[in-house]
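One structure is given below, encoded as structure tokens.
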Amino acid sequence: MHLTRDRIIAFAVLLPSLILIAVFVYGFIGQTVYISFTDWGRGAALALHPQMNLIGFDNYKELFTSFLHGRFRQDLINAFFYTMSLVLGSLSLGLFLAILLDREPRGEGIFRTIFLYPMSLSFVVTGTIWRWLLAPGGGINVLPTFVGLPAGHFRWTSSRGQILTFDWQSIPEITAIVVALVLLFLTIRTWRTGKHKRAFAVAVPALILVLWALFGGRMVPQMLPIPEKHGFNLATIGVSLAAIWQFSGYTMALYLAGLRGIPVGLHEAARLDGANDIQYYMRVAFPILKPITLSAVIILAHISLKMFALIFAMAGPDNASTGHPAVLMYLTTFRGNKFALGASIAVILFLLVALFIIPYLVSSYREQRRRAS
Amino acid sequence: MRFKKLAIAVLVGIGLLAAFGTVFADNLTGDLEIFSWWAGDEGPALQALIDMYNAQHPGVNLINATVTGGSGVNAKAVLKTRMLGGNPPDSFQVHAGQELIGTWVKADRMEDLTWLFKQEGWMDVFPSGLIKLLSTDKGIWSVPVNIHRSNVMWYIPANLEKWGVEAPKTWDEFLTIAPKLQAQGVVPLALATNWTANHLWESVALAVLGPEKWQQLWDGTLSFTSPEAVKVWEMFGKILQYTNDDAASLSWQQATDMVVNGKAAFNIMGDWASGYMATTLGLTPGVDYAWSASPGTDGVFMMLSDSFGLPKGAPNRDNAIAWLQLLGSKAGSDAFNPLKGSISARKDSDLSLYNVYSQSAAADWQKDIIAGSLTHGVVANEGFMNDFATVMEMFLTSRDPQQAANACEAIARQNGIGE
């Protein structure tokens, strides 16, 4: 690695953008983190030089334990369900569409354009269209009346129903059970491969976790003074539908490119060996598409954490049932004047996005190195 | 020195105005940037003021910076980033009262306007109840441009006759006639998105508590967990049973539409609903639609007001002061308000310029007890208002009065209500 003229020029050309990114991206991320550890001005948040005292993790503690911030905790749960439904919905619908188009129907080009088109819309446009479609007194709800059926009664984004409710206090127990289930799954898989000793080694912690969740969980000090119910808000279904509609075309394009990239010979070989279509897709195509699925999951997951505009346009800022930490962050900061608390929400959201992005960057970086070498 | 010169200029100007009763050109120059969220329907009213200003001060280049979005959600966010960045406009629109005081006065970003009020004789032409809501012990902070009323109930007289009910005078009366309406397939009370629930809540609270105890909530002498305050939530919960269940998806206009279409009997909304029905829907006030004070609040005027203040460090201070003088003047407010559908804050406005509804509101304005609105920024700071929206969502889901009251007390303490 020595300095050639070429390298110096390359570095000089990159330098301005490096500096700009360092200041305006990483510098501001750093500042947001710093602000989240302060109490920013208290009552006089908008003073020209607001008073700032470092208060450590108090803002974060408040978000997770103060009974006033139940909305934040529900928003986190909403974000989880938004991510799950956008990823699963778009992947399955996109794959389905890709398989249909892979069979080269007539007018394939037109369909491809139609399916891909929603992606070119901004979230605000999507939100406005779906807001009208899902108006409780019109749109989708009155569709059945055209064929003589009674109108739909679901209130979509104004629904206040909640299913799968659980107490926020029992999050540690729920986590323990989930981890135990994963371990149990691993146990069974290891047992099948014949490594009985190793399977046993996995089963023991699983059992301990289950026992702890059933009997020991109550020894953990309570986070909140009163039980707090959270769950899956039915109102989020409408928002998820709109998001899936927008991004399934995109996953279709990804998968279609993948399917087209599979050598024809492979398909024919499978046929010759007597595989039917289902077997071909299950055993041959899907394993080849795995890397595409991985990038699609990562891209969709981080988009789902940036659904601010869609929710804002579709359900409005104050509809807590469809809430999302991004919307709450905006309201807390710019309407409620609580800049430090807003910064904490932003940092939490940033960490969630990083959870998806960093593994992706690492894996794509590795791949590049592998190709380069 | 500059101040003295200005004061002289102003005094001379006023003298001339009084003497000739006409507008005159002066030698103010430079820019004037005014920041508001008045676009769309409210644009013409603002334009009328701008035209007057341009005629009076032809040397000034007036920059009309508007950021659209109902009740200023987006405008306020833009304004905050500008102010934090040290780039204030010369004058900006803000809801009069604690929304201004809690955000900007506490942060020491506004100039005291007491001298202007005294000089212009506004201490006598604005009702003292209003001036009290605009002030702290350190000064008066903004010039009110208009007055809207929050506690109004709207209905269609012909429909009520058809359904065999009368407009209720109290909430108890409402609760007895509501089942009758429901039996006929009519929604007794139309409700829309979250903030309209807050809006309904303040009318209910005013009825249950009365104006004195309502004020005590905000100066910290009455607790939100007191039995009376809990009763507000209980009553509010009972009333909610008689509202439409798709409320969260509707805009306030759609809730008003429900009343106009005969799907609902009543709607509690500020008097911009009158502007909507008269101007947009083309109905005749007093004939096609009617109104009364919301149940149990007769004789009380729950007000909200748009106002303009003078930020410290305004780049064109003299021009901004001339703007404020125009806003508070009789001519200015009578040019603006008939177009906006609001009434003038002055007690001496020319009522012949206004429509039937505004005339009745103006008559009430002059004789009623004045109370401040919560939802529209008069009695509580923005921190409380923002948190209250969350408390409301909590209540709309749980319908638990005691829990809502406890949460209100907690956010009141956290946001320094009554300090």
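By order of appearance in the structure tokens: chains A, B, ..., then residues from 1 within every chain, and ligands from 1 in the order shown.
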Mind listing the alpha helix (DSSP H) residues of segment 176-295 of chain A, per DSSP on the backbone, as a VMD selection string?
chain A and resid 176 to 192 196 to 211 236 to 261 264 to 272 277 to 279 286 to 295
Please dump the current selection as a short mmCIF file (atom, residue, chain, number, x, y, z; two decimals), in the first residue's frame; keep C-alpha atoms.
```
data_model
loop_
_atom_site.label_atom_id
_atom_site.label_comp_id
_atom_site.auth_asym_id
_atom_site.auth_seq_id
_atom_site.Cartn_x
_atom_site.Cartn_y
_atom_site.Cartn_z
CA ALA A 176 -36.89 -16.07 28.16
CA ILE A 177 -39.61 -18.26 26.68
CA VAL A 178 -38.80 -17.15 23.13
CA VAL A 179 -35.10 -17.87 23.62
CA ALA A 180 -35.98 -21.22 25.20
CA LEU A 181 -38.12 -22.12 22.18
CA VAL A 182 -35.24 -21.31 19.84
CA LEU A 183 -32.89 -23.45 21.94
CA LEU A 184 -35.42 -26.26 21.94
CA PHE A 185 -35.60 -26.11 18.18
CA LEU A 186 -31.80 -26.34 18.04
CA THR A 187 -31.88 -29.27 20.45
CA ILE A 188 -34.20 -31.23 18.21
CA ARG A 189 -32.11 -30.45 15.17
CA THR A 190 -28.88 -31.50 16.86
CA TRP A 191 -30.51 -34.64 18.25
CA ARG A 192 -31.54 -35.65 14.76
CA HIS A 196 -26.83 -36.49 21.47
CA LYS A 197 -24.33 -35.06 23.88
CA ARG A 198 -24.37 -31.65 22.26
CA ALA A 199 -28.15 -31.66 22.08
CA PHE A 200 -28.23 -32.25 25.81
CA ALA A 201 -25.91 -29.30 26.33
CA VAL A 202 -28.38 -27.06 24.50
CA ALA A 203 -31.43 -28.47 26.22
CA VAL A 204 -30.22 -27.67 29.74
CA PRO A 205 -30.13 -23.85 29.38
CA ALA A 206 -33.50 -24.01 27.63
CA LEU A 207 -34.97 -25.84 30.59
CA ILE A 208 -33.41 -23.39 33.03
CA LEU A 209 -34.88 -20.46 31.11
CA VAL A 210 -38.34 -22.00 31.14
CA LEU A 211 -38.14 -22.70 34.86
CA THR A 236 -51.83 -0.99 12.18
CA ILE A 237 -53.17 -3.51 9.65
CA GLY A 238 -54.28 -0.74 7.30
CA VAL A 239 -50.90 0.99 7.39
CA SER A 240 -49.10 -2.31 6.84
CA LEU A 241 -51.33 -3.07 3.85
CA ALA A 242 -50.35 0.21 2.22
CA ALA A 243 -46.67 -0.44 2.87
CA ILE A 244 -46.86 -3.98 1.48
CA TRP A 245 -48.67 -2.67 -1.59
CA GLN A 246 -45.86 -0.21 -2.13
CA PHE A 247 -42.93 -2.59 -1.72
CA SER A 248 -44.08 -5.97 -2.98
CA GLY A 249 -43.37 -4.82 -6.56
CA TYR A 250 -39.84 -4.08 -5.51
CA THR A 251 -39.24 -7.54 -4.00
CA MET A 252 -40.87 -8.98 -7.12
CA ALA A 253 -38.25 -7.25 -9.25
CA LEU A 254 -35.46 -8.57 -7.01
CA TYR A 255 -36.76 -12.13 -7.13
CA LEU A 256 -37.53 -12.01 -10.83
CA ALA A 257 -33.95 -10.98 -11.55
CA GLY A 258 -32.82 -13.86 -9.35
CA LEU A 259 -35.06 -16.40 -11.02
CA ARG A 260 -33.95 -15.23 -14.45
CA GLY A 261 -30.35 -15.56 -13.33
CA VAL A 264 -31.79 -22.69 -17.88
CA GLY A 265 -29.79 -25.90 -17.79
CA LEU A 266 -30.46 -26.28 -14.09
CA HIS A 267 -34.19 -26.02 -14.61
CA GLU A 268 -34.08 -28.54 -17.45
CA ALA A 269 -31.91 -30.91 -15.46
CA ALA A 270 -34.43 -30.80 -12.64
CA ARG A 271 -37.21 -31.53 -15.10
CA LEU A 272 -35.30 -34.46 -16.54
CA ASP A 277 -42.77 -27.20 -10.57
CA ILE A 278 -43.24 -27.15 -6.83
CA GLN A 279 -40.22 -29.35 -6.30
CA PHE A 286 -35.27 -20.98 -3.40
CA PRO A 287 -31.86 -22.08 -2.12
CA ILE A 288 -30.26 -20.15 -4.99
CA LEU A 289 -32.37 -17.09 -4.11
CA LYS A 290 -31.26 -17.05 -0.48
CA PRO A 291 -28.85 -14.10 -0.77
CA ILE A 292 -31.57 -12.07 -2.50
CA THR A 293 -33.97 -12.83 0.32
CA LEU A 294 -31.38 -11.68 2.82
CA SER A 295 -30.82 -8.31 1.17
#
```
Residues near Trp168 of chain A, anyone? I mean within 10 Å using only C-alpha atoms, not counting same-chain ones fewer than 2 positions away, as a list in words.
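Listed by chain and then number, they are Phe64, Thr65, Gly70, Arg73, Gln74, Thr165, Phe166, Ser170, Ile171, Pro172, Ile174, Gln222, Met223, Leu224, Ile226, Pro227, Glu228, Lys229, His230 and Gly231 of chain A.
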So that I can check the surroundings of Leu116 of chain B, please list as a list of chain:residue names every protein, DNA and RNA residue that reaches within 9 Å of it, counting only C-alpha atoms and ignoring chain neighbours fewer than 3 positions away.
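Using only C-alpha atoms, the neighbours found are B:Asp112, B:Leu113, B:Gln119, B:Glu120, B:Gly121, B:Trp122, B:Ile321, B:Leu324, B:Gln325.
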For those residues, write N, CA and C atoms to a file as an mmCIF file, in the first residue's frame.
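Saved result, selection_30.cif, follows:
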```
data_model
loop_
_atom_site.group_PDB
_atom_site.id
_atom_site.type_symbol
_atom_site.label_atom_id
_atom_site.label_comp_id
_atom_site.auth_asym_id
_atom_site.auth_seq_id
_atom_site.Cartn_x
_atom_site.Cartn_y
_atom_site.Cartn_z
ATOM 1 N N ASP B 112 -41.249 42.623 25.454
ATOM 2 C CA ASP B 112 -42.444 43.050 26.171
ATOM 3 C C ASP B 112 -43.129 44.151 25.351
ATOM 4 N N LEU B 113 -44.449 44.008 25.167
ATOM 5 C CA LEU B 113 -45.156 44.981 24.326
ATOM 6 C C LEU B 113 -46.052 45.912 25.143
ATOM 7 N N GLN B 119 -49.415 52.903 24.547
ATOM 8 C CA GLN B 119 -49.309 53.979 23.571
ATOM 9 C C GLN B 119 -50.487 53.974 22.599
ATOM 10 N N GLU B 120 -50.940 52.760 22.221
ATOM 11 C CA GLU B 120 -52.011 52.664 21.238
ATOM 12 C C GLU B 120 -53.390 52.696 21.887
ATOM 13 N N GLY B 121 -53.424 52.793 23.189
ATOM 14 C CA GLY B 121 -54.704 52.806 23.885
ATOM 15 C C GLY B 121 -55.391 51.451 23.901
ATOM 16 N N TRP B 122 -54.612 50.373 23.714
ATOM 17 C CA TRP B 122 -55.226 49.045 23.633
ATOM 18 C C TRP B 122 -55.659 48.522 24.999
ATOM 19 N N ILE B 321 -42.879 46.642 14.224
ATOM 20 C CA ILE B 321 -43.753 47.394 15.143
ATOM 21 C C ILE B 321 -44.900 48.035 14.360
ATOM 22 N N LEU B 324 -47.416 45.390 13.841
ATOM 23 C CA LEU B 324 -48.219 45.126 15.040
ATOM 24 C C LEU B 324 -49.252 46.230 15.257
ATOM 25 N N GLN B 325 -48.847 47.477 14.956
ATOM 26 C CA GLN B 325 -49.797 48.583 15.110
ATOM 27 C C GLN B 325 -51.003 48.402 14.196
#
```
Which residues are near Met302 of chain B? Cut-off 8 Å, only C-alpha atoms, ignore same chain within fewer than 6 positions. Put them as a list in words.
Arg149, Ser150, Asn151, Ile370, Ala371, Gly372 and Ser373 of chain B
Would you list which chain B residues are within 9 Å of chain A using only C-alpha atoms, as a PyMOL selection string?
chain B and resi 73-74+76-78+80-81+83-86+102-109+193-195+245-250+381-387+389-391+393-394+396-397+407+410-411+415-416
Just to confirm, what's the straight-line distance from atom CA of Met282 of chain A to atom CA of Leu88 of chain A in Å (one decimal)?
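Separation between atom CA of Met282 of chain A and atom CA of Leu88 of chain A: 17.5 Å.
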Please provide the set of residues having any atom within 12 Å of Ala335 of chain B, restricted to only C-alpha atoms, with same-chain residues fewer than 6 positions apart removed, written as a PyMOL selection string.
chain B and resi 44-53+145-146+326-329+341-344+349-351+353-354
At what distance in Å, to one decimal, does atom CA of Val125 of chain B lie from atom CA of Thr297 of chain B?
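Computing it gives 25.0 Å between the two atoms.
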Which one is closest to Val379 of chain B: B:Ser274, B:Thr225, B:Ser305, B:Ser128? Count only C-alpha atoms.
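Closest residue, counting only C-alpha atoms: B:Ser305.
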